[in-house]
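Novice: What follows is the file start08.cif, containing mmCIF, C-alpha atoms:
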```
data_query
loop_
_atom_site.group_PDB
_atom_site.id
_atom_site.type_symbol
_atom_site.label_atom_id
_atom_site.label_comp_id
_atom_site.auth_asym_id
_atom_site.auth_seq_id
_atom_site.Cartn_x
_atom_site.Cartn_y
_atom_site.Cartn_z
ATOM 1 C CA MET K 412 -23.183 -6.547 -31.576
ATOM 2 C CA ARG K 413 -25.375 -9.014 -29.747
ATOM 3 C CA ASN K 414 -26.105 -12.721 -29.359
ATOM 4 C CA PHE K 415 -22.780 -13.427 -27.603
ATOM 5 C CA SER K 416 -21.619 -16.967 -26.927
ATOM 6 C CA GLU K 417 -18.791 -18.583 -24.968
ATOM 7 C CA THR K 418 -16.517 -18.212 -27.988
ATOM 8 C CA THR K 419 -17.411 -14.634 -28.972
ATOM 9 C CA ILE K 420 -18.006 -12.683 -25.777
ATOM 10 C CA THR K 421 -14.335 -12.069 -24.906
ATOM 11 C CA ASP K 422 -13.606 -10.301 -28.193
ATOM 12 C CA ALA K 423 -16.802 -8.307 -27.796
ATOM 13 C CA VAL K 424 -15.808 -7.035 -24.353
ATOM 14 C CA LEU K 425 -12.301 -6.189 -25.572
ATOM 15 C CA ALA K 426 -13.760 -4.206 -28.451
ATOM 16 C CA ARG K 427 -15.617 -1.980 -25.964
ATOM 17 C CA LEU K 428 -12.263 -0.736 -24.657
ATOM 18 C CA ALA K 429 -11.309 1.111 -27.838
ATOM 19 C CA ASP K 430 -12.036 4.503 -26.252
ATOM 20 C CA ALA K 431 -10.297 3.936 -22.914
ATOM 21 C CA ARG K 432 -9.064 7.228 -21.445
ATOM 22 C CA THR K 433 -5.390 6.240 -21.339
ATOM 23 C CA PRO K 434 -3.249 3.577 -23.056
ATOM 24 C CA ARG K 435 -2.394 2.132 -19.634
ATOM 25 C CA ALA K 436 -6.074 1.834 -18.669
ATOM 26 C CA ARG K 437 -6.695 -0.033 -21.912
ATOM 27 C CA GLN K 438 -3.674 -2.300 -21.430
ATOM 28 C CA VAL K 439 -4.624 -3.254 -17.873
ATOM 29 C CA SER K 440 -8.301 -3.720 -18.695
ATOM 30 C CA GLU K 441 -7.589 -5.878 -21.734
ATOM 31 C CA ALA K 442 -5.227 -8.132 -19.765
ATOM 32 C CA LEU K 443 -7.727 -8.448 -16.916
ATOM 33 C CA ILE K 444 -10.546 -9.427 -19.256
ATOM 34 C CA ARG K 445 -8.464 -11.916 -21.249
ATOM 35 C CA HIS K 446 -7.103 -13.688 -18.172
ATOM 36 C CA LEU K 447 -10.383 -13.600 -16.242
ATOM 37 C CA HIS K 448 -12.319 -15.049 -19.161
ATOM 38 C CA ALA K 449 -9.625 -17.713 -19.639
ATOM 39 C CA PHE K 450 -9.883 -18.609 -15.936
ATOM 40 C CA ILE K 451 -13.653 -19.003 -16.222
ATOM 41 C CA ARG K 452 -13.324 -21.215 -19.288
ATOM 42 C CA GLU K 453 -10.745 -23.372 -17.506
ATOM 43 C CA VAL K 454 -12.589 -23.976 -14.227
ATOM 44 C CA ARG K 455 -16.118 -23.760 -15.685
ATOM 45 C CA PRO K 456 -17.850 -22.672 -12.455
ATOM 46 C CA THR K 457 -21.477 -23.342 -11.768
ATOM 47 C CA GLN K 458 -23.747 -20.366 -11.115
ATOM 48 C CA GLN K 459 -23.639 -21.241 -7.416
ATOM 49 C CA GLU K 460 -19.819 -21.399 -7.375
ATOM 50 C CA TRP K 461 -19.549 -18.029 -9.097
ATOM 51 C CA MET K 462 -21.869 -16.496 -6.507
ATOM 52 C CA GLN K 463 -19.720 -18.034 -3.762
ATOM 53 C CA GLY K 464 -16.723 -16.284 -5.295
ATOM 54 C CA ILE K 465 -18.538 -12.943 -5.300
ATOM 55 C CA GLU K 466 -19.617 -13.493 -1.690
ATOM 56 C CA PHE K 467 -15.989 -14.291 -0.763
ATOM 57 C CA LEU K 468 -14.791 -10.955 -2.165
ATOM 58 C CA THR K 469 -17.687 -9.152 -0.483
ATOM 59 C CA ARG K 470 -16.763 -10.660 2.900
ATOM 60 C CA THR K 471 -13.123 -9.741 2.284
ATOM 61 C CA GLY K 472 -14.122 -6.107 1.860
ATOM 62 C CA HIS K 473 -16.320 -6.181 4.950
ATOM 63 C CA MET K 474 -13.378 -7.439 7.054
ATOM 64 C CA CYS K 475 -11.254 -4.400 6.200
ATOM 65 C CA SER K 476 -10.901 -1.690 8.827
ATOM 66 C CA ALA K 477 -8.442 0.936 10.018
ATOM 67 C CA THR K 478 -6.387 -1.794 11.708
ATOM 68 C CA ARG K 479 -6.963 -4.751 9.378
ATOM 69 C CA GLN K 480 -6.570 -5.026 5.613
ATOM 70 C CA GLU K 481 -8.037 -8.328 4.487
ATOM 71 C CA PHE K 482 -7.259 -7.632 0.822
ATOM 72 C CA ILE K 483 -3.553 -7.292 1.674
ATOM 73 C CA LEU K 484 -3.779 -10.661 3.442
ATOM 74 C CA LEU K 485 -5.423 -12.116 0.342
ATOM 75 C CA SER K 486 -2.726 -10.679 -1.921
ATOM 76 C CA ASP K 487 0.009 -11.895 0.430
ATOM 77 C CA THR K 488 -1.292 -15.446 0.803
ATOM 78 C CA LEU K 489 -1.747 -15.890 -2.951
ATOM 79 C CA GLY K 490 1.877 -14.872 -3.537
ATOM 80 C CA VAL K 491 0.815 -11.778 -5.454
ATOM 81 C CA SER K 492 2.401 -9.285 -3.057
ATOM 82 C CA MET K 493 5.789 -10.963 -3.393
ATOM 83 C CA LEU K 494 5.399 -11.129 -7.180
ATOM 84 C CA VAL K 495 4.662 -7.395 -7.363
ATOM 85 C CA ASP K 496 7.616 -6.772 -5.046
ATOM 86 C CA ALA K 497 9.954 -8.808 -7.255
ATOM 87 C CA ILE K 498 8.817 -6.985 -10.398
ATOM 88 C CA ASN K 499 9.395 -3.582 -8.818
ATOM 89 C CA HIS K 500 12.732 -4.275 -7.115
ATOM 90 C CA PRO K 501 15.057 -5.976 -9.606
ATOM 91 C CA HIS K 502 18.150 -4.852 -7.682
ATOM 92 C CA GLY K 503 21.558 -6.459 -7.977
ATOM 93 C CA PRO K 504 23.087 -8.736 -5.327
ATOM 94 C CA GLU K 505 24.823 -5.829 -3.596
ATOM 95 C CA ALA K 506 21.543 -4.372 -2.285
ATOM 96 C CA THR K 507 19.573 -5.849 0.613
ATOM 97 C CA GLU K 508 16.708 -7.978 -0.668
ATOM 98 C CA THR K 509 13.151 -6.768 -0.262
ATOM 99 C CA THR K 510 10.035 -8.527 0.948
ATOM 100 C CA VAL K 511 6.373 -7.738 1.649
ATOM 101 C CA LEU K 512 5.202 -4.739 3.682
ATOM 102 C CA GLY K 513 2.511 -6.761 5.431
ATOM 103 C CA PRO K 514 -0.797 -5.527 6.869
ATOM 104 C CA PHE K 515 0.506 -4.157 10.193
ATOM 105 C CA TYR K 516 2.616 -1.182 9.102
ATOM 106 C CA VAL K 517 1.610 2.137 10.684
ATOM 107 C CA ALA K 518 2.647 5.330 8.902
ATOM 108 C CA ASP K 519 4.590 7.892 10.930
ATOM 109 C CA PRO K 520 5.351 5.670 13.937
ATOM 110 C CA PRO K 521 6.600 7.226 17.190
ATOM 111 C CA GLU K 522 10.196 8.452 16.928
ATOM 112 C CA PHE K 523 12.754 7.191 19.426
ATOM 113 C CA PRO K 524 16.389 8.086 20.108
ATOM 114 C CA LEU K 525 19.052 5.517 19.328
ATOM 115 C CA GLY K 526 19.342 2.922 22.073
ATOM 116 C CA ALA K 527 15.778 3.369 23.336
ATOM 117 C CA ASP K 528 13.551 0.549 24.519
ATOM 118 C CA ILE K 529 10.734 0.482 21.953
ATOM 119 C CA SER K 530 8.694 -2.135 23.862
ATOM 120 C CA PRO K 531 8.614 -0.838 27.451
ATOM 121 C CA ASN K 532 6.807 -3.021 29.975
ATOM 122 C CA ARG K 533 6.217 -5.795 27.449
ATOM 123 C CA ALA K 534 6.843 -9.365 28.576
ATOM 124 C CA GLY K 535 9.423 -11.337 26.639
ATOM 125 C CA ARG K 536 13.090 -12.140 26.284
ATOM 126 C CA PRO K 537 15.110 -8.937 25.894
ATOM 127 C CA LEU K 538 16.432 -8.273 22.379
ATOM 128 C CA PHE K 539 19.137 -5.828 21.343
ATOM 129 C CA VAL K 540 18.975 -4.937 17.639
ATOM 130 C CA GLU K 541 21.888 -3.226 15.915
ATOM 131 C CA GLY K 542 23.035 -2.591 12.388
ATOM 132 C CA THR K 543 24.221 -0.159 9.777
ATOM 133 C CA VAL K 544 22.765 1.471 6.681
ATOM 134 C CA ARG K 545 24.926 2.026 3.616
ATOM 135 C CA GLY K 546 24.193 3.440 0.202
ATOM 136 C CA PRO K 547 24.792 1.906 -3.233
ATOM 137 C CA ASP K 548 28.347 3.259 -3.121
ATOM 138 C CA GLY K 549 29.022 1.331 0.068
ATOM 139 C CA LYS K 550 29.381 4.452 2.205
ATOM 140 C CA PRO K 551 27.508 4.808 5.529
ATOM 141 C CA ILE K 552 24.382 6.973 5.395
ATOM 142 C CA ALA K 553 23.920 9.412 8.252
ATOM 143 C CA GLY K 554 20.355 10.399 9.131
ATOM 144 C CA ALA K 555 18.666 7.525 7.281
ATOM 145 C CA THR K 556 15.127 6.910 8.525
ATOM 146 C CA VAL K 557 14.704 3.434 10.018
ATOM 147 C CA ASP K 558 11.120 2.351 10.711
ATOM 148 C CA THR K 559 10.836 -0.957 12.559
ATOM 149 C CA TRP K 560 7.958 -3.037 13.947
ATOM 150 C CA HIS K 561 7.371 -6.601 15.096
ATOM 151 C CA SER K 562 5.117 -8.924 17.090
ATOM 152 C CA ASP K 563 5.279 -9.760 20.792
ATOM 153 C CA GLU K 564 6.315 -13.081 22.332
ATOM 154 C CA ASP K 565 2.831 -14.471 21.629
ATOM 155 C CA GLY K 566 2.822 -13.386 17.997
ATOM 156 C CA TYR K 567 0.525 -10.358 18.300
ATOM 157 C CA TYR K 568 1.115 -6.842 16.966
ATOM 158 C CA ASP K 569 0.130 -3.766 18.920
ATOM 159 C CA VAL K 570 -2.678 -2.884 16.498
ATOM 160 C CA GLN K 571 -4.321 -6.228 17.239
ATOM 161 C CA GLY K 572 -4.787 -5.267 20.894
ATOM 162 C CA GLU K 573 -7.858 -3.674 22.416
ATOM 163 C CA THR K 574 -6.178 -0.457 23.603
ATOM 164 C CA GLY K 575 -4.700 0.629 20.288
ATOM 165 C CA ASP K 576 -1.519 1.776 22.053
ATOM 166 C CA LEU K 577 1.495 1.684 19.731
ATOM 167 C CA THR K 578 4.475 -0.335 20.939
ATOM 168 C CA MET K 579 7.130 -2.630 19.492
ATOM 169 C CA ARG K 580 7.426 -0.154 16.634
ATOM 170 C CA ALA K 581 9.516 2.966 16.191
ATOM 171 C CA ARG K 582 11.242 5.374 13.879
ATOM 172 C CA LEU K 583 14.958 5.911 14.443
ATOM 173 C CA ARG K 584 17.636 7.802 12.536
ATOM 174 C CA THR K 585 21.126 6.539 11.881
ATOM 175 C CA ASP K 586 24.080 8.299 13.477
ATOM 176 C CA GLY K 587 27.000 9.904 11.655
ATOM 177 C CA GLU K 588 28.465 6.467 10.911
ATOM 178 C CA GLY K 589 25.225 5.066 9.514
ATOM 179 C CA ARG K 590 24.589 3.014 12.653
ATOM 180 C CA PHE K 591 21.352 2.291 14.535
ATOM 181 C CA TRP K 592 20.541 0.294 17.657
ATOM 182 C CA PHE K 593 17.577 -0.226 19.949
ATOM 183 C CA ARG K 594 16.175 -2.501 22.644
ATOM 184 C CA THR K 595 12.977 -4.537 22.418
ATOM 185 C CA ILE K 596 11.785 -8.135 22.924
ATOM 186 C CA VAL K 597 12.235 -11.265 20.813
ATOM 187 C CA PRO K 598 9.236 -11.723 18.473
ATOM 188 C CA SER K 599 7.523 -15.041 17.841
ATOM 189 C CA PHE K 600 6.170 -16.854 14.815
ATOM 190 C CA TYR K 601 2.452 -16.215 14.472
ATOM 191 C CA PRO K 602 -0.634 -16.955 12.394
ATOM 192 C CA ILE K 603 -1.951 -14.212 10.185
ATOM 193 C CA PRO K 604 -5.549 -13.296 11.110
ATOM 194 C CA ALA K 605 -7.425 -16.435 10.089
ATOM 195 C CA ASP K 606 -10.918 -15.667 11.371
ATOM 196 C CA GLY K 607 -12.074 -14.178 8.059
ATOM 197 C CA PRO K 608 -12.419 -15.188 4.423
ATOM 198 C CA VAL K 609 -8.645 -15.496 3.883
ATOM 199 C CA GLY K 610 -8.456 -17.957 6.783
ATOM 200 C CA ASP K 611 -11.349 -19.909 5.273
ATOM 201 C CA MET K 612 -9.505 -20.000 1.945
ATOM 202 C CA LEU K 613 -6.310 -21.320 3.550
ATOM 203 C CA ALA K 614 -8.224 -24.068 5.355
ATOM 204 C CA LEU K 615 -9.936 -25.080 2.114
ATOM 205 C CA GLN K 616 -6.521 -25.187 0.399
ATOM 206 C CA GLY K 617 -5.053 -27.342 3.175
ATOM 207 C CA ARG K 618 -2.536 -24.645 4.215
ATOM 208 C CA HIS K 619 -1.448 -23.325 7.604
ATOM 209 C CA PRO K 620 -1.645 -19.573 8.359
ATOM 210 C CA TYR K 621 1.789 -19.122 10.005
ATOM 211 C CA ARG K 622 4.605 -16.649 9.414
ATOM 212 C CA PRO K 623 8.109 -17.244 10.828
ATOM 213 C CA ALA K 624 9.405 -14.857 13.493
ATOM 214 C CA HIS K 625 10.836 -11.641 12.052
ATOM 215 C CA VAL K 626 11.485 -7.955 12.584
ATOM 216 C CA HIS K 627 10.181 -5.538 9.937
ATOM 217 C CA PHE K 628 12.252 -2.664 8.552
ATOM 218 C CA MET K 629 11.463 0.223 6.232
ATOM 219 C CA ILE K 630 14.572 2.297 5.550
ATOM 220 C CA ALA K 631 14.679 5.526 3.554
ATOM 221 C CA ALA K 632 17.400 8.002 2.577
ATOM 222 C CA PRO K 633 17.738 10.695 -0.110
ATOM 223 C CA GLY K 634 18.813 9.356 -3.493
ATOM 224 C CA CYS K 635 18.021 5.765 -2.518
ATOM 225 C CA ASP K 636 15.137 3.414 -3.191
ATOM 226 C CA THR K 637 13.142 2.952 0.008
ATOM 227 C CA LEU K 638 13.821 -0.530 1.365
ATOM 228 C CA VAL K 639 10.969 -2.638 2.759
ATOM 229 C CA THR K 640 12.164 -5.907 4.228
ATOM 230 C CA HIS K 641 12.250 -8.277 7.213
ATOM 231 C CA VAL K 642 15.035 -9.910 9.180
ATOM 232 C CA PHE K 643 13.976 -13.481 9.984
ATOM 233 C CA LEU K 644 15.159 -15.446 13.017
ATOM 234 C CA ASP K 645 17.214 -18.496 12.152
ATOM 235 C CA GLY K 646 15.813 -21.821 13.343
ATOM 236 C CA ASP K 647 12.157 -20.833 13.124
ATOM 237 C CA PRO K 648 9.932 -23.814 12.204
ATOM 238 C CA TYR K 649 8.083 -21.876 9.474
ATOM 239 C CA LEU K 650 11.005 -20.522 7.441
ATOM 240 C CA ASP K 651 10.293 -23.010 4.635
ATOM 241 C CA SER K 652 6.509 -22.609 4.630
ATOM 242 C CA ASP K 653 5.868 -18.906 5.240
ATOM 243 C CA VAL K 654 2.209 -18.362 4.391
ATOM 244 C CA VAL K 655 3.044 -15.182 2.432
ATOM 245 C CA PHE K 656 6.165 -16.540 0.649
ATOM 246 C CA GLY K 657 8.386 -13.765 2.027
ATOM 247 C CA VAL K 658 11.482 -15.627 3.264
ATOM 248 C CA LYS K 659 14.840 -15.177 1.515
ATOM 249 C CA ASP K 660 18.066 -16.788 2.700
ATOM 250 C CA SER K 661 19.934 -13.490 2.777
ATOM 251 C CA LEU K 662 17.421 -12.088 5.290
ATOM 252 C CA ILE K 663 17.847 -14.841 7.907
ATOM 253 C CA ARG K 664 20.016 -14.121 10.934
ATOM 254 C CA LYS K 665 20.877 -16.151 14.029
ATOM 255 C CA LEU K 666 20.293 -14.621 17.441
ATOM 256 C CA GLN K 667 23.628 -14.011 19.157
ATOM 257 C CA PRO K 668 24.512 -13.896 22.873
ATOM 258 C CA ALA K 669 24.611 -10.593 24.734
ATOM 259 C CA SER K 670 28.394 -10.465 24.466
ATOM 260 C CA ALA K 671 28.140 -10.137 20.668
ATOM 261 C CA ALA K 672 26.691 -6.612 20.811
ATOM 262 C CA THR K 673 29.045 -3.950 19.450
ATOM 263 C CA MET K 674 26.897 -0.826 19.855
ATOM 264 C CA ALA K 675 25.485 -1.246 23.363
ATOM 265 C CA PRO K 676 26.660 1.653 25.544
ATOM 266 C CA ALA K 677 26.931 -0.696 28.558
ATOM 267 C CA PRO K 678 27.111 -4.474 29.090
ATOM 268 C CA LEU K 679 23.783 -6.132 28.368
ATOM 269 C CA ASP K 680 21.901 -8.421 30.693
ATOM 270 C CA PRO K 681 23.203 -11.968 30.028
ATOM 271 C CA ASP K 682 19.701 -13.118 29.019
ATOM 272 C CA THR K 683 19.557 -10.566 26.194
ATOM 273 C CA ALA K 684 19.680 -11.855 22.613
ATOM 274 C CA VAL K 685 21.397 -9.799 19.910
ATOM 275 C CA LEU K 686 20.166 -9.432 16.347
ATOM 276 C CA ARG K 687 22.453 -7.690 13.859
ATOM 277 C CA TYR K 688 21.878 -6.801 10.235
ATOM 278 C CA ASP K 689 23.791 -4.436 7.968
ATOM 279 C CA PHE K 690 21.547 -2.967 5.264
ATOM 280 C CA VAL K 691 22.570 -1.730 1.828
ATOM 281 C CA LEU K 692 20.139 0.517 -0.048
ATOM 282 C CA ALA K 693 19.788 0.542 -3.823
ATOM 283 C CA ALA K 694 19.877 3.703 -5.876
ATOM 284 C CA ALA K 695 16.561 5.441 -6.447
ATOM 285 C CA PRO K 696 14.921 4.567 -9.783
ATOM 286 C CA ALA K 697 15.854 6.951 -12.555
#
```
Starting from the coordinates I provided, produce the structure as C-alpha cells.

Specialist:
Amino acid sequence: MRNFSETTITDAVLARLADARTPRARQVSEALIRHLHAFIREVRPTQQEWMQGIEFLTRTGHMCSATRQEFILLSDTLGVSMLVDAINHPHGPEATETTVLGPFYVADPPEFPLGADISPNRAGRPLFVEGTVRGPDGKPIAGATVDTWHSDEDGYYDVQGETGDLTMRARLRTDGEGRFWFRTIVPSFYPIPADGPVGDMLALQGRHPYRPAHVHFMIAAPGCDTLVTHVFLDGDPYLDSDVVFGVKDSLIRKLQPASAATMAPAPLDPDTAVLRYDFVLAAAPA
C-alpha cells in the first residue's frame, strides 16, 4: 500500500498492527493511533506547530532527573493522573478516597517511631498529626505501613533543596490499635515547579501552578489495596483550583487546637496545630 492521503493513512497504519506481539499491545496501539490522528485532523497544525509540539516533549524529557519528573507534572496538570487513579480505584464510599502520588515521593523513606518529630530543626508552626488505619471490615490494622511526606512552610519539599537531606517525610507503623501519630510542621500551599515546559504550558493556558496545602500518605497492609492520598488543610485558597485536580471533599480537614489531640503522650505546646484523619483501606483487588 502506498500513496496515502489524509483520509486513508489512519487505516493503513492500523493495518500494520495485525502482527502485534500481544492483544493488549495491539489494543493500546490502535487506540493511540486513532485518537492521535483524530486530534491532528481536528486542530490541523502547521508544520511549525507540530515541530513545536515535538520540541515541547523533548524539553520535558530533558527536565527529568532523579529528583524531578517533568512527565509526571505534565500528566498531573492535564488531569490524566487523576483520571488513571479514578479508573484504577473504583472503591465504595466506605474506603478512604485516593488521589495522585505526585512527583516528590521517595521510596523507602526513613523509618521513625510513633510520636517522633519528622521535621527536626525546620522552621514553621508545630503540627501534631494523628489518626487510625482500619481495614475493609472496619477493624483496626496493627503494623500497617504509613508513609507520609509534605512541604515546608514556604512550600518546598526536601528533594528540592540543595543538600538532598530527607526531612518532613517518614515511614511509621501503626500500633496494636491501628493508631499512628507524629510531630512535624504545618505545610503551605505551593506552586509546582514552573520553570520548565509544564510551567510554560500553564502560562500559555492562562492557569496558575498552585497546589493547596496538604500532607501526603501512602498506607499499606496485607490483604488491602495500598492507599495513596492526601489530607488537605481546610481554608486553603487553592482548594477549588488545584493545578493537578486532586482535591476531594472527604480529604479536607480543619486544623484543630492543641487541646484536641488524643494521642499525644504529654500536653502539646499551645501553638501546636492538630491534624487528624482516620483512614479506611479497601480490600486488595482479586

Novice: For each of K:Leu615, K:Ala693, K:Val424, K:Val544, take the minimum atom-to-atom distance to Glu588 of chain K, counting all atoms listed in the file, then give the residue where this is smallest.

Specialist: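 Ranking K:Leu615, K:Ala693, K:Val424, K:Val544 by distance to Glu588 of chain K, first place goes to K:Val544.
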
Novice: Name the residues that the PyMOL selection byres ((chain K and resi 633) around 10) picks from the file above, as a list in words, using the file's chain letters and numbers.

Specialist: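 Here the PyMOL selection byres ((chain K and resi 633) around 10) matches Gly546, Ile552, Gly554, Ala555, Thr556, Ala631, Ala632, Gly634, Cys635, Asp636, Thr637, Ala694 and Ala695 of chain K.
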
Novice: For Gly589 of chain K, which residue out of K:Pro623, K:Pro608, K:Gly542, K:Pro520 is the nearest one, using all atoms listed in the file?

Specialist: K:Gly542

Novice: Select, from K:Thr469, K:Gln667, K:Thr595, K:Asn499, the residue with the minimum atom-to-atom distance to Met579 of chain K, counting all atoms listed in the file.

Specialist: K:Thr595

Novice: Do you know which residues the PyMOL selection byres ((chain K and resi 532) around 12) returns on this file, as a PDB file with C-alpha atoms, in the frame of the given file?

Specialist:
```pdb
ATOM      1  CA  ASP K 528      13.551   0.549  24.519  1.00  0.00           C
ATOM      2  CA  ILE K 529      10.734   0.482  21.953  1.00  0.00           C
ATOM      3  CA  SER K 530       8.694  -2.135  23.862  1.00  0.00           C
ATOM      4  CA  PRO K 531       8.614  -0.838  27.451  1.00  0.00           C
ATOM      5  CA  ARG K 533       6.217  -5.795  27.449  1.00  0.00           C
ATOM      6  CA  ALA K 534       6.843  -9.365  28.576  1.00  0.00           C
ATOM      7  CA  GLY K 535       9.423 -11.337  26.639  1.00  0.00           C
ATOM      8  CA  ARG K 536      13.090 -12.140  26.284  1.00  0.00           C
ATOM      9  CA  PRO K 537      15.110  -8.937  25.894  1.00  0.00           C
ATOM     10  CA  ASP K 563       5.279  -9.760  20.792  1.00  0.00           C
ATOM     11  CA  THR K 578       4.475  -0.335  20.939  1.00  0.00           C
ATOM     12  CA  MET K 579       7.130  -2.630  19.492  1.00  0.00           C
ATOM     13  CA  ARG K 594      16.175  -2.501  22.644  1.00  0.00           C
ATOM     14  CA  THR K 595      12.977  -4.537  22.418  1.00  0.00           C
ATOM     15  CA  ILE K 596      11.785  -8.135  22.924  1.00  0.00           C
TER      16      ILE K 596
END
```
